[in-house]
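A short worksheet on the structure shown next.
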Amino acid sequence: MSTMKLNRRKFIVASASAAGGLMLAFRIPAGARADAMMEEPWMAGEGGQEVNAWLVIDPDDTVTIRVGQSEMGEGVFTAMPMLVAEELQCDWSKVRAVYADVNRHVQSTVEPYMVAAGAAKETDQLYQRMATGGSGAVRRSRKYLHQAGASARERLKQAAANAWGVERSAVTAADSVLRAGNKSGTYGEFAAAAATIELESEPAIKTPDQFTLLGKSVPRLDTPHKTDGSAVYGIDVQLPDMVHAAVEVSPVPGGRLVSFDFDAVKDRPGVITAFRLGEGGIGKLPYRLDEVANRTNGLLSGVAVVADTYYRALTALQLMPKEWDAGGHGDVSDESIIAGALEVLGNPDDATYNPAVSEGDARGVIGASADKVEATYVTPYLDHACMEPMNCTAHVTADRADIWVGTQNPPGAHDVVVEETGLAPEQVHVHNTFLGTGFGRRFRSDEVRQAAAIGAALGRPVKMVWSREENQRQGKLRPYSVYHFAASLDADKKPEAYWNRVVSHSIFNHLIPQFLKDGLDNQAMEGLDQRLPYRFPNRQVDYAIRDSHIPVQWWRSVGASQNAFALESFIDELAHAAGADPVEFRLGLMPEGSEFRRPLEVVAKEAGWTTDLRRGEGMGVGLAEAFGTIVAQVAYVTVSRRGQLRVETIDCAVDCGHVIHPRLVEMQMESSIVYGLTAALYGEVHIRNGAVVEDNFDSYLMLRMNEMPEIRTHMALSGGEKWGGVGEPAVPPVAPAVTNAIFAATGKRIRRLPIRSHDLA
């Protein structure tokens, strides 16, 4: 594992500076340099020139591009620089990437070229969007980065035109060289002059047919560092005089720490001190204890032990006697939570249902039909299972806070530290690192709040790391969901009515209430409402929310991850009842011109779709849309007589409109399929006595290498104005493709996940 180190002199100088924070110890692709840590992210290196807030050009023509999104495996440290470089027309071999500065972002407003790119107003924050989630890095920030590159290119051309006495239109830019007639010069020569130029109007950005770099699978800029161990993650950070903290909060969300006996461990080697967290201790606890678990802010009730090493801090914490109060949730289990939801599901007249779709008289038609199909599906709570445990390093003084963390939401982390420490926004500096996966979990900043509170109490650098057990117990889980479907078939075995009821735990009610719009919970109905791929003459969709004390959070692909399993399984049941081929049945439910048709047709062709297989072999199909991208998958499975399942192959057809980097798209499809397959096969969080049961990877299982299927990705791109995300949309179709294939192989229909809970013999 790599280690990020600062010597004492550089650390003190940087920490005392009022101008800004420390820069990360990695430079991509130039490699780690100790002196890089002294630079501010928005300052050029020695002799370099900032042309605009997104890029710096050095005299040797190295172009440093600032990335606002967080790199957690999805490739933004390559894709985002490609967007700038496409317009800048620079030499890609001379491009490197660094994180954009959070402090500068929250204090600065947009520059003129950003307004041209569609920024709402000049008072918007500088980098527009620094939170990473919703598969939105490229699709939401693309225009801004394009515009930054185009603006810099035209300013470089104008600087050269001024020097050569020609019109800007006579100057060309390509591969970091400017030319006009027999004159030429490099970007590095004209960068300083370009920085002083204001254009009368901003240039138009390219259309996809004009791209020369985008669409190519260029080498990833972060790969060398992730393979040689030089990439810096939050857990790698080391500071002079740093101590270590281990924390434990109430194992029951919403519970509280009654007491702890520090005297029992205070004399152990290396132990320094202990702090009560939250109520009656350090840190802010702005909400009632029963509300805290599901809020973005508020310090949970618990205790931190500080020592000279993490091992000593954790050992003392584990040995220290503690007494907890469950806050009234000690008798809650996942069975009781889901049983309550199923009770609501079984009562279609429950007054808490909200209508999502009502077209025709679905309920009446189904009630009068002699040929109807009904099914109930259940999906469990799931953990994010990030490989890197939650951690944060903090150094808080009376006039400055420096925070090192791998976060999906740097501005949110900044705001948490401001709130927690009482410092002014300009005094808080968040230094983002690479993330050892995120999947939505590293958005909440609860670890940042804990570290800031401990750091403020200590007045010296402290690294706080959650144990794996704490990481699992304090996970913000994917909600459970339960579904009931009913449909009727006419005399020709064609669907005539469809009725779907959903009961789930809302992310939005508990997390960010202002996200609710017109009473519709986005997560609970994602892909089941107006964006349903299929059309029925009569259709009704209702949902109800039943929350619990369990904190929930966005999970990779959010509600689509479970909704697609239930929907696509039921569509398969309908196809079976109609005696129809599952692929042809789906196509028959789609209107002509539906954008869902092409991915489904492509994947069926590429997979060699057939229902003519031997018993014990099966093909299954799944289709879903998430974050503007449609993904269709076909899984081929084998099941032995004893019930041993093997997923042999998964074909995946994706329509994200356009592609920046084809190999990155393939990587994300593969990554999403692994994640979704793990959840389908094994994923389940049980709640006993109000607390999470699965507290490590011995009980919360992961897909193993020998279980990995062959994955084949096929582009089914529609082009046009569509720019979909790719980090998450391949998760939802996995589970139904596999379970539908299991049905084809065995005749056994799986209506409750995970698959491992079922006997397939």
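Quick note on naming: the chains in the structure tokens go A, B, ... in the order shown, residues restart at 1 in each chain, and ligands are numbered from 1 in order of appearance.
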Neighbour list for region 76-92 of chain A as a list in words, cut-off 7 Å, only C-alpha atoms, skip fewer than 5 positions in-chain: Ile65, Val67, Gln69, Glu71, Ala97, Val138, Arg142, Leu145, His146, Ala148, Gly149, Ala150, Ala152, Arg153, Ala173, Ala174, Asp175, Ser176, Phe211, Thr212, Leu213, Leu214, Arg220, Leu221, Asp222, Ile660 and His661 of chain A
Contacts of Val416 (chain A) within 10 Å, only C-alpha atoms, excl. fewer than 2 positions in-chain, as a list in words: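 Answer for this query is Thr296, Asn297, Gly298, Pro410, Pro411, Gly412, Ala413, His414, Val418, Glu419, Glu420, Thr421, Gly422, Val428, Arg444, Ser445, Asp446, Val448, Arg449, Gln450 and Ala452 of chain A.
Using only C-alpha atoms, the nearest neighbour of Glu469 (chain A) within the list A:Asn689, A:Gln318, A:Thr379, A:Gln210 is A:Gln318.
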Residues near Tyr483 (chain A), anyone? I mean within 6 Å using only C-alpha atoms, not counting same-chain ones fewer than 2 positions away, as a compact mmCIF listing (two decimals) with N, CA, C and O atoms, in the first residue's frame.
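Just written: result34.txt:
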# COMPACT_ATOMS: atom_id res chain seq x y z
N THR A 376 -46.08 -11.96 -6.17
CA THR A 376 -45.51 -11.06 -5.18
C THR A 376 -44.00 -11.27 -5.13
O THR A 376 -43.52 -12.41 -5.12
N TYR A 377 -43.28 -10.17 -5.09
CA TYR A 377 -41.82 -10.20 -5.08
C TYR A 377 -41.29 -9.43 -3.88
O TYR A 377 -41.90 -8.44 -3.44
N ARG A 501 -48.58 -2.83 -7.37
CA ARG A 501 -48.49 -2.12 -6.10
C ARG A 501 -47.09 -2.31 -5.53
O ARG A 501 -46.52 -3.41 -5.61
N VAL A 502 -46.54 -1.26 -4.95
CA VAL A 502 -45.18 -1.28 -4.40
C VAL A 502 -45.21 -0.69 -3.00
O VAL A 502 -45.84 0.37 -2.77
All strand (DSSP E) residues (DSSP, backbone) inside region 500-685 of chain A, as an MDAnalysis selection string: chainID A and resid 500:504 538:545 617:626 629:639 645:655
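Of the residues listed (A:Ala100, A:Leu477, A:Ala716, A:Ile750), A:Leu477 shows the shortest atom-to-atom separation from Leu382 (chain A); distances use only C-alpha atoms.
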Region 428-661 of chain A: residues DSSP assigns to alpha helix (DSSP H), reported as JSON, numbers by chain: {"A": [446, 447, 448, 449, 450, 451, 452, 453, 454, 455, 456, 457, 458, 468, 469, 470, 471, 472, 473, 507, 508, 509, 510, 522, 523, 524, 525, 560, 561, 562, 563, 564, 565, 566, 567, 568, 569, 570, 571, 572, 573, 574, 575, 576, 577, 582, 583, 584, 585, 586, 587, 588, 597, 598, 599, 600, 601, 602, 603, 604, 605, 606, 607]}
Write a file of the selected residues as an mmCIF file, in the first residue's frame, keeping C-alpha atoms.
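Everything below was put into out.cif:
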data_model
loop_
_atom_site.group_PDB
_atom_site.id
_atom_site.type_symbol
_atom_site.label_atom_id
_atom_site.label_comp_id
_atom_site.auth_asym_id
_atom_site.auth_seq_id
_atom_site.Cartn_x
_atom_site.Cartn_y
_atom_site.Cartn_z
ATOM 1 C CA ASP A 446 -20.797 11.132 8.458
ATOM 2 C CA GLU A 447 -17.185 9.970 8.745
ATOM 3 C CA VAL A 448 -16.055 13.521 7.955
ATOM 4 C CA ARG A 449 -18.183 14.915 10.767
ATOM 5 C CA GLN A 450 -16.773 12.407 13.220
ATOM 6 C CA ALA A 451 -13.171 13.130 12.232
ATOM 7 C CA ALA A 452 -13.736 16.899 12.332
ATOM 8 C CA ALA A 453 -15.225 16.673 15.815
ATOM 9 C CA ILE A 454 -12.372 14.500 17.097
ATOM 10 C CA GLY A 455 -9.772 16.680 15.351
ATOM 11 C CA ALA A 456 -11.226 19.855 16.844
ATOM 12 C CA ALA A 457 -11.162 18.323 20.326
ATOM 13 C CA LEU A 458 -7.554 17.175 19.934
ATOM 14 C CA ARG A 468 -14.877 -3.484 8.944
ATOM 15 C CA GLU A 469 -17.502 -4.364 11.536
ATOM 16 C CA GLU A 470 -18.298 -0.709 12.145
ATOM 17 C CA ASN A 471 -18.350 -0.147 8.399
ATOM 18 C CA GLN A 472 -21.022 -2.818 7.982
ATOM 19 C CA ARG A 473 -23.060 -1.969 11.062
ATOM 20 C CA ILE A 507 -34.631 7.230 0.692
ATOM 21 C CA PHE A 508 -35.973 10.702 0.122
ATOM 22 C CA ASN A 509 -38.322 11.025 3.100
ATOM 23 C CA HIS A 510 -35.442 10.410 5.476
ATOM 24 C CA ASN A 522 -38.321 8.646 -7.164
ATOM 25 C CA GLN A 523 -36.508 5.662 -5.698
ATOM 26 C CA ALA A 524 -39.601 3.593 -4.938
ATOM 27 C CA MET A 525 -41.027 3.930 -8.460
ATOM 28 C CA ALA A 560 -33.954 0.502 -10.495
ATOM 29 C CA SER A 561 -31.724 -2.185 -8.979
ATOM 30 C CA GLN A 562 -34.666 -3.895 -7.309
ATOM 31 C CA ASN A 563 -37.592 -2.647 -9.374
ATOM 32 C CA ALA A 564 -36.204 -4.203 -12.559
ATOM 33 C CA PHE A 565 -35.908 -7.590 -10.839
ATOM 34 C CA ALA A 566 -39.586 -7.575 -9.895
ATOM 35 C CA LEU A 567 -40.884 -6.099 -13.156
ATOM 36 C CA GLU A 568 -38.812 -8.213 -15.548
ATOM 37 C CA SER A 569 -39.571 -11.379 -13.590
ATOM 38 C CA PHE A 570 -43.294 -10.696 -13.780
ATOM 39 C CA ILE A 571 -43.138 -9.911 -17.499
ATOM 40 C CA ASP A 572 -41.471 -13.311 -17.878
ATOM 41 C CA GLU A 573 -44.319 -14.888 -15.919
ATOM 42 C CA LEU A 574 -46.802 -13.252 -18.275
ATOM 43 C CA ALA A 575 -44.895 -14.531 -21.300
ATOM 44 C CA HIS A 576 -44.951 -18.050 -19.842
ATOM 45 C CA ALA A 577 -48.691 -17.822 -19.137
ATOM 46 C CA PRO A 582 -39.941 -14.062 -23.590
ATOM 47 C CA VAL A 583 -38.061 -11.796 -26.020
ATOM 48 C CA GLU A 584 -40.820 -11.707 -28.651
ATOM 49 C CA PHE A 585 -43.411 -11.153 -25.914
ATOM 50 C CA ARG A 586 -41.536 -8.087 -24.693
ATOM 51 C CA LEU A 587 -41.136 -6.688 -28.178
ATOM 52 C CA GLY A 588 -44.859 -7.150 -28.699
ATOM 53 C CA ARG A 597 -36.438 -2.191 -28.851
ATOM 54 C CA ARG A 598 -32.923 -1.903 -30.271
ATOM 55 C CA PRO A 599 -30.951 -2.935 -27.136
ATOM 56 C CA LEU A 600 -33.282 -5.918 -26.674
ATOM 57 C CA GLU A 601 -32.964 -6.995 -30.312
ATOM 58 C CA VAL A 602 -29.183 -6.547 -30.297
ATOM 59 C CA VAL A 603 -28.611 -8.559 -27.134
ATOM 60 C CA ALA A 604 -30.906 -11.374 -28.280
ATOM 61 C CA LYS A 605 -29.022 -11.640 -31.566
ATOM 62 C CA GLU A 606 -25.544 -11.431 -30.054
ATOM 63 C CA ALA A 607 -26.341 -13.944 -27.309
#
